[in-house]
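See below for the structure under consideration.
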Amino acid sequence: MPFFDAHNHLHDPSLAPHLSQVLETLERMDVVAVVNGTIDSDWEQVTLLARDHPWVIPSFGIHPWRVKERAENWEDLLRKSLDKCGAVGEIGLDRWKEGYDFPDQEAVFRTQLRIAADRNLPATIHCLRAWGPLWEIIRTEPVPACGFLLHAYGGPPEMIEGFARRGAYFSFNGYFLAEPRHKKRETFLQVPLDRLLVESDAPAMPLPPDLNRHPLPDMADGAPVNHPANVVVAYEGLAKLRGMEIDDLAQAVEENFCRLFRK
């Protein structure tokens with residue numbers, strides 16, 4: 001049974017010391033993964049991963065945390081990267097982190113979303129504490145006809161229907177399986193089955209330690225490193241939450257993934 005990781009960062013430096021082992025594990029498990037760049041300087045790494053591993057779908061974007069780092073010609077670089085193949089992301093809005101220029105974030109996000117819509121490429125969207133502004137943009141701006149992903153969806157359940165009408169898919173992350181995050185889990189009971197996806201966001205969003213089936217050494221500062229193979233745990237947790245057999249959930253996720261990412 002294949003597993004589909006709708007959002008990760010395989011090229012992240014914290015995975016570099018373990019990358020060969022990680023790639024072997026994912027290939028053995030039959031994982032298909034969308035690997036998201038976050039700044040123009042890492043897009044070439046994403047491209048190379050996709051070139052060498054056919055199960056990798058490359059995605060190129062400027063993350064809202066990194067808008068200040070973007071190159072002056074980032075739009076041209078994005079269009080050239082997308083000429084080869086891929087999706088748009090990780091893009092989005094964030095008012096959780098302090099010290100970020102929200103109007104600049106919004107301008108960069110709007111530009112990237114328009115590029116995705118013009119080319120009808122799936123877009124992967126990050127959002128933290130900016131659901132109102134995001135909805136205004138999604139409601140009024142062109143969006144890709146193929147749809148877009150709200151990764152690790154943490155917005156209000158009341159917004160699911162509106163986003164879905166505009167083409168949204170919603171990915172569940174194993175990070176939500178920690179007991180204090182029961183409200184985030186319950187939100188995924190409201191997501192239509194034909195809009196459900198699963199993600200790891202590796203190396204970020206680690207699972208609760210007792211569920212971590214693929215431990216990796218912590219970073220030097222003690223930060224945990226999430227193995228992307230833990231996407232399987234997210235599948236199992238979501239199946240239990242929805243009261244489904246995992247094979248039935250996996251079939252639905254595969255259909256949704258292939259519809260959005262055209263794999």
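Residues in the structure tokens are named by chain (A, B, ... in the order shown) and by number from 1 within that chain; ligands are numbered from 1 in the order shown.
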
_stretch 210-220 of chain A environment, 12 Å, only C-alpha atoms, sequence neighbours closer than 3 positions dropped, as an MDAnalysis selection string_ = chainID A and resid 13:19 21:22 25:26 174:179 200 202:207 223:234 236:237

Could you build a table of the residues in stretch 115-228 of chain A lying no more than 8 Å from stretch 78-90 of chain A, giving for each the nearest pair of atoms and their separation in Å rounded to one decimal place, using only C-alpha atoms, ordered by chain and ascending residue number, as a tab-separated table?
```
residue	atom	partner	partner_atom	distance
A:Ile115	CA	A:Arg79	CA	7.9
A:Ala116	CA	A:Val88	CA	6.1
A:Leu121	CA	A:Ala87	CA	5.5
A:Pro122	CA	A:Ala87	CA	5.4
A:Ala123	CA	A:Val88	CA	4.6
A:Thr124	CA	A:Gly89	CA	4.7
A:Ile125	CA	A:Glu90	CA	5.9
A:His126	CA	A:Glu90	CA	6.6
```

Deliver the residues from the most recent selection as a file, using C-alpha atoms, as a short mmCIF file (atom, residue, chain, number, x, y, z; two decimals), in the first residue's frame.
```cif
data_model
loop_
_atom_site.label_atom_id
_atom_site.label_comp_id
_atom_site.auth_asym_id
_atom_site.auth_seq_id
_atom_site.Cartn_x
_atom_site.Cartn_y
_atom_site.Cartn_z
CA ILE A 115 1.22 32.41 -10.57
CA ALA A 116 -0.28 29.13 -9.35
CA LEU A 121 -0.65 24.37 -10.46
CA PRO A 122 -1.53 23.12 -6.96
CA ALA A 123 -0.48 25.52 -4.20
CA THR A 124 0.46 24.54 -0.65
CA ILE A 125 -0.52 27.17 1.89
CA HIS A 126 0.78 27.80 5.41
#
```

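Across A:Leu23, A:Arg181, A:Glu98, A:Glu186, the tightest approach to A:Pro208 is made by A:Arg181 when counting only C-alpha atoms.
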
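The coordinates place atom CA of A:Asp40 at 25.1 Å from atom CA of A:Ala168.
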
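Residues surrounding A:Phe102 within 10 Å are Pro64, Trp65, Val67, Leu93, Asp94, Arg95, Glu98, Gly99, Tyr100, Asp104, Gln105, Glu106, Ala107, Val108 and Ala130 of chain A [only C-alpha atoms; sequence separation below 2 positions excluded].
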
Enumerate, as a CSV table (one decimal) with N, CA and C atoms, in the first residue's frame, the complete set of residues in stretch 15-262 of chain A that a backbone-based DSSP assignment places in strand (DSSP E).
```
chain,number,residue,atom,x,y,z
A,31,VAL,N,6.6,5.4,-0.4
A,31,VAL,CA,6.0,6.8,-0.1
A,31,VAL,C,6.2,7.7,-1.3
A,32,VAL,N,5.1,8.4,-1.6
A,32,VAL,CA,5.2,9.5,-2.6
A,32,VAL,C,5.1,10.8,-1.8
A,33,ALA,N,6.0,11.7,-2.1
A,33,ALA,CA,6.1,12.9,-1.2
A,33,ALA,C,6.2,14.2,-2.0
A,34,VAL,N,5.5,15.2,-1.5
A,34,VAL,CA,5.7,16.6,-2.1
A,34,VAL,C,6.7,17.3,-1.2
A,35,VAL,N,7.8,17.7,-1.8
A,35,VAL,CA,8.9,18.4,-1.1
A,35,VAL,C,8.8,19.9,-1.4
A,36,ASN,N,8.6,20.6,-0.3
A,36,ASN,CA,8.4,22.1,-0.5
A,36,ASN,C,9.6,22.9,-0.2
A,56,VAL,N,9.4,11.8,-5.7
A,56,VAL,CA,9.3,13.2,-5.2
A,56,VAL,C,8.7,14.1,-6.1
A,57,ILE,N,7.7,14.9,-5.6
A,57,ILE,CA,7.1,16.0,-6.4
A,57,ILE,C,7.6,17.3,-5.9
A,58,PRO,N,8.3,18.0,-6.7
A,58,PRO,CA,8.9,19.3,-6.2
A,58,PRO,C,7.9,20.4,-6.2
A,59,SER,N,8.1,21.2,-5.2
A,59,SER,CA,7.2,22.4,-5.0
A,59,SER,C,8.1,23.6,-4.6
A,60,PHE,N,7.8,24.7,-5.2
A,60,PHE,CA,8.7,25.9,-5.0
A,60,PHE,C,7.9,27.1,-4.5
A,87,ALA,N,4.9,22.1,-8.2
A,87,ALA,CA,3.8,22.8,-7.6
A,87,ALA,C,4.3,24.1,-7.0
A,88,VAL,N,3.4,24.9,-6.5
A,88,VAL,CA,3.8,26.2,-5.8
A,88,VAL,C,3.6,26.0,-4.3
A,89,GLY,N,4.7,26.3,-3.6
A,89,GLY,CA,4.6,26.2,-2.1
A,89,GLY,C,5.9,25.8,-1.5
A,90,GLU,N,6.2,26.2,-0.4
A,90,GLU,CA,5.2,26.6,0.6
A,90,GLU,C,5.0,28.1,0.7
A,91,ILE,N,3.8,28.5,0.6
A,91,ILE,CA,3.5,30.0,0.6
A,91,ILE,C,2.5,30.2,1.7
A,92,GLY,N,2.2,31.5,2.0
A,92,GLY,CA,1.1,31.7,3.0
A,92,GLY,C,1.3,32.9,3.8
A,93,LEU,N,0.6,33.0,4.9
A,93,LEU,CA,0.5,34.1,5.8
A,93,LEU,C,0.7,33.6,7.2
A,94,ASP,N,1.3,34.5,8.0
A,94,ASP,CA,1.6,34.1,9.4
A,94,ASP,C,1.7,35.3,10.3
A,123,ALA,N,-1.2,24.7,-5.1
A,123,ALA,CA,-0.5,25.5,-4.2
A,123,ALA,C,-0.6,25.0,-2.8
A,124,THR,N,0.5,25.0,-2.1
A,124,THR,CA,0.5,24.5,-0.7
A,124,THR,C,0.6,25.8,0.2
A,125,ILE,N,-0.4,25.9,1.1
A,125,ILE,CA,-0.5,27.2,1.9
A,125,ILE,C,-0.3,26.9,3.4
A,126,HIS,N,0.5,27.7,4.0
A,126,HIS,CA,0.8,27.8,5.4
A,126,HIS,C,0.0,29.0,6.0
A,127,CYS,N,-0.7,28.7,7.1
A,127,CYS,CA,-1.4,29.8,7.7
A,127,CYS,C,-1.4,29.6,9.2
A,128,LEU,N,-1.0,30.7,9.9
A,128,LEU,CA,-1.1,30.7,11.4
A,128,LEU,C,-1.6,32.1,11.8
A,148,PHE,N,-6.0,23.7,-4.0
A,148,PHE,CA,-4.9,24.1,-3.2
A,148,PHE,C,-5.0,23.4,-1.9
A,149,LEU,N,-3.8,23.3,-1.2
A,149,LEU,CA,-3.7,22.5,0.1
A,149,LEU,C,-3.5,23.5,1.2
A,150,LEU,N,-4.3,23.4,2.3
A,150,LEU,CA,-4.1,24.1,3.5
A,150,LEU,C,-3.4,23.1,4.4
A,168,ALA,N,-10.2,23.9,-1.7
A,168,ALA,CA,-9.2,23.5,-0.7
A,168,ALA,C,-9.2,22.0,-0.3
A,169,TYR,N,-8.0,21.5,-0.1
A,169,TYR,CA,-7.8,20.2,0.6
A,169,TYR,C,-7.1,20.5,1.9
A,170,PHE,N,-7.2,19.5,2.8
A,170,PHE,CA,-6.8,19.8,4.2
A,170,PHE,C,-5.9,18.6,4.7
A,171,SER,N,-4.7,18.8,5.1
A,171,SER,CA,-3.8,17.7,5.4
A,171,SER,C,-3.7,17.6,6.9
A,172,PHE,N,-3.8,16.3,7.4
A,172,PHE,CA,-3.7,16.0,8.8
A,172,PHE,C,-2.2,15.6,9.1
A,173,ASN,N,-1.7,16.1,10.2
A,173,ASN,CA,-0.4,15.9,10.7
A,173,ASN,C,-0.3,15.1,12.0
A,196,LEU,N,-9.5,15.1,2.2
A,196,LEU,CA,-8.5,14.8,3.2
A,196,LEU,C,-7.2,14.4,2.6
A,197,LEU,N,-6.1,14.9,3.2
A,197,LEU,CA,-4.8,14.4,2.8
A,197,LEU,C,-4.0,14.2,4.1
A,198,VAL,N,-2.8,13.6,4.0
A,198,VAL,CA,-2.0,13.4,5.2
A,198,VAL,C,-0.6,13.9,4.9
A,199,GLU,N,0.1,14.3,5.9
A,199,GLU,CA,1.4,14.9,5.8
A,199,GLU,C,2.3,14.6,7.0
```

*Could you tell me, as a PyMOL selection string, which residues of stretch 53-85 of chain A DSSP assigns to helix (DSSP H, G or I) when given the backbone?*
chain A and resi 64-69+74-84

Please dump the current selection as a compact mmCIF listing (two decimals), in the first residue's frame; keep N, CA and C atoms.
```
# COMPACT_ATOMS: atom_id res chain seq x y z
N PRO A 64 6.24 32.40 4.34
CA PRO A 64 6.05 33.72 4.95
C PRO A 64 7.12 34.10 5.97
N TRP A 65 7.77 33.12 6.61
CA TRP A 65 8.83 33.46 7.55
C TRP A 65 10.10 33.94 6.85
N ARG A 66 10.19 33.71 5.53
CA ARG A 66 11.46 33.96 4.84
C ARG A 66 11.36 35.02 3.75
N VAL A 67 10.28 35.80 3.80
CA VAL A 67 10.10 36.78 2.72
C VAL A 67 11.24 37.80 2.68
N LYS A 68 11.83 38.12 3.83
CA LYS A 68 12.92 39.10 3.86
C LYS A 68 14.18 38.58 3.19
N GLU A 69 14.31 37.26 3.05
CA GLU A 69 15.52 36.67 2.47
C GLU A 69 15.45 36.52 0.96
N TRP A 74 13.26 37.07 -7.50
CA TRP A 74 12.65 35.82 -7.06
C TRP A 74 11.48 35.40 -7.95
N GLU A 75 10.74 36.36 -8.47
CA GLU A 75 9.60 35.98 -9.32
C GLU A 75 10.07 35.28 -10.59
N ASP A 76 11.12 35.80 -11.21
CA ASP A 76 11.67 35.16 -12.40
C ASP A 76 12.19 33.77 -12.07
N LEU A 77 12.87 33.65 -10.93
CA LEU A 77 13.39 32.35 -10.52
C LEU A 77 12.27 31.35 -10.28
N LEU A 78 11.16 31.82 -9.69
CA LEU A 78 10.04 30.94 -9.45
C LEU A 78 9.44 30.46 -10.77
N ARG A 79 9.23 31.36 -11.69
CA ARG A 79 8.64 30.97 -12.98
C ARG A 79 9.55 29.98 -13.72
N LYS A 80 10.85 30.20 -13.65
CA LYS A 80 11.78 29.28 -14.32
C LYS A 80 11.77 27.91 -13.66
N SER A 81 11.70 27.87 -12.34
CA SER A 81 11.62 26.59 -11.64
C SER A 81 10.36 25.84 -12.03
N LEU A 82 9.27 26.56 -12.17
CA LEU A 82 7.99 25.93 -12.50
C LEU A 82 7.89 25.55 -13.97
N ASP A 83 8.78 26.11 -14.81
CA ASP A 83 8.79 25.71 -16.21
C ASP A 83 9.16 24.24 -16.36
N LYS A 84 9.96 23.73 -15.42
CA LYS A 84 10.42 22.34 -15.50
C LYS A 84 9.31 21.40 -15.03
```
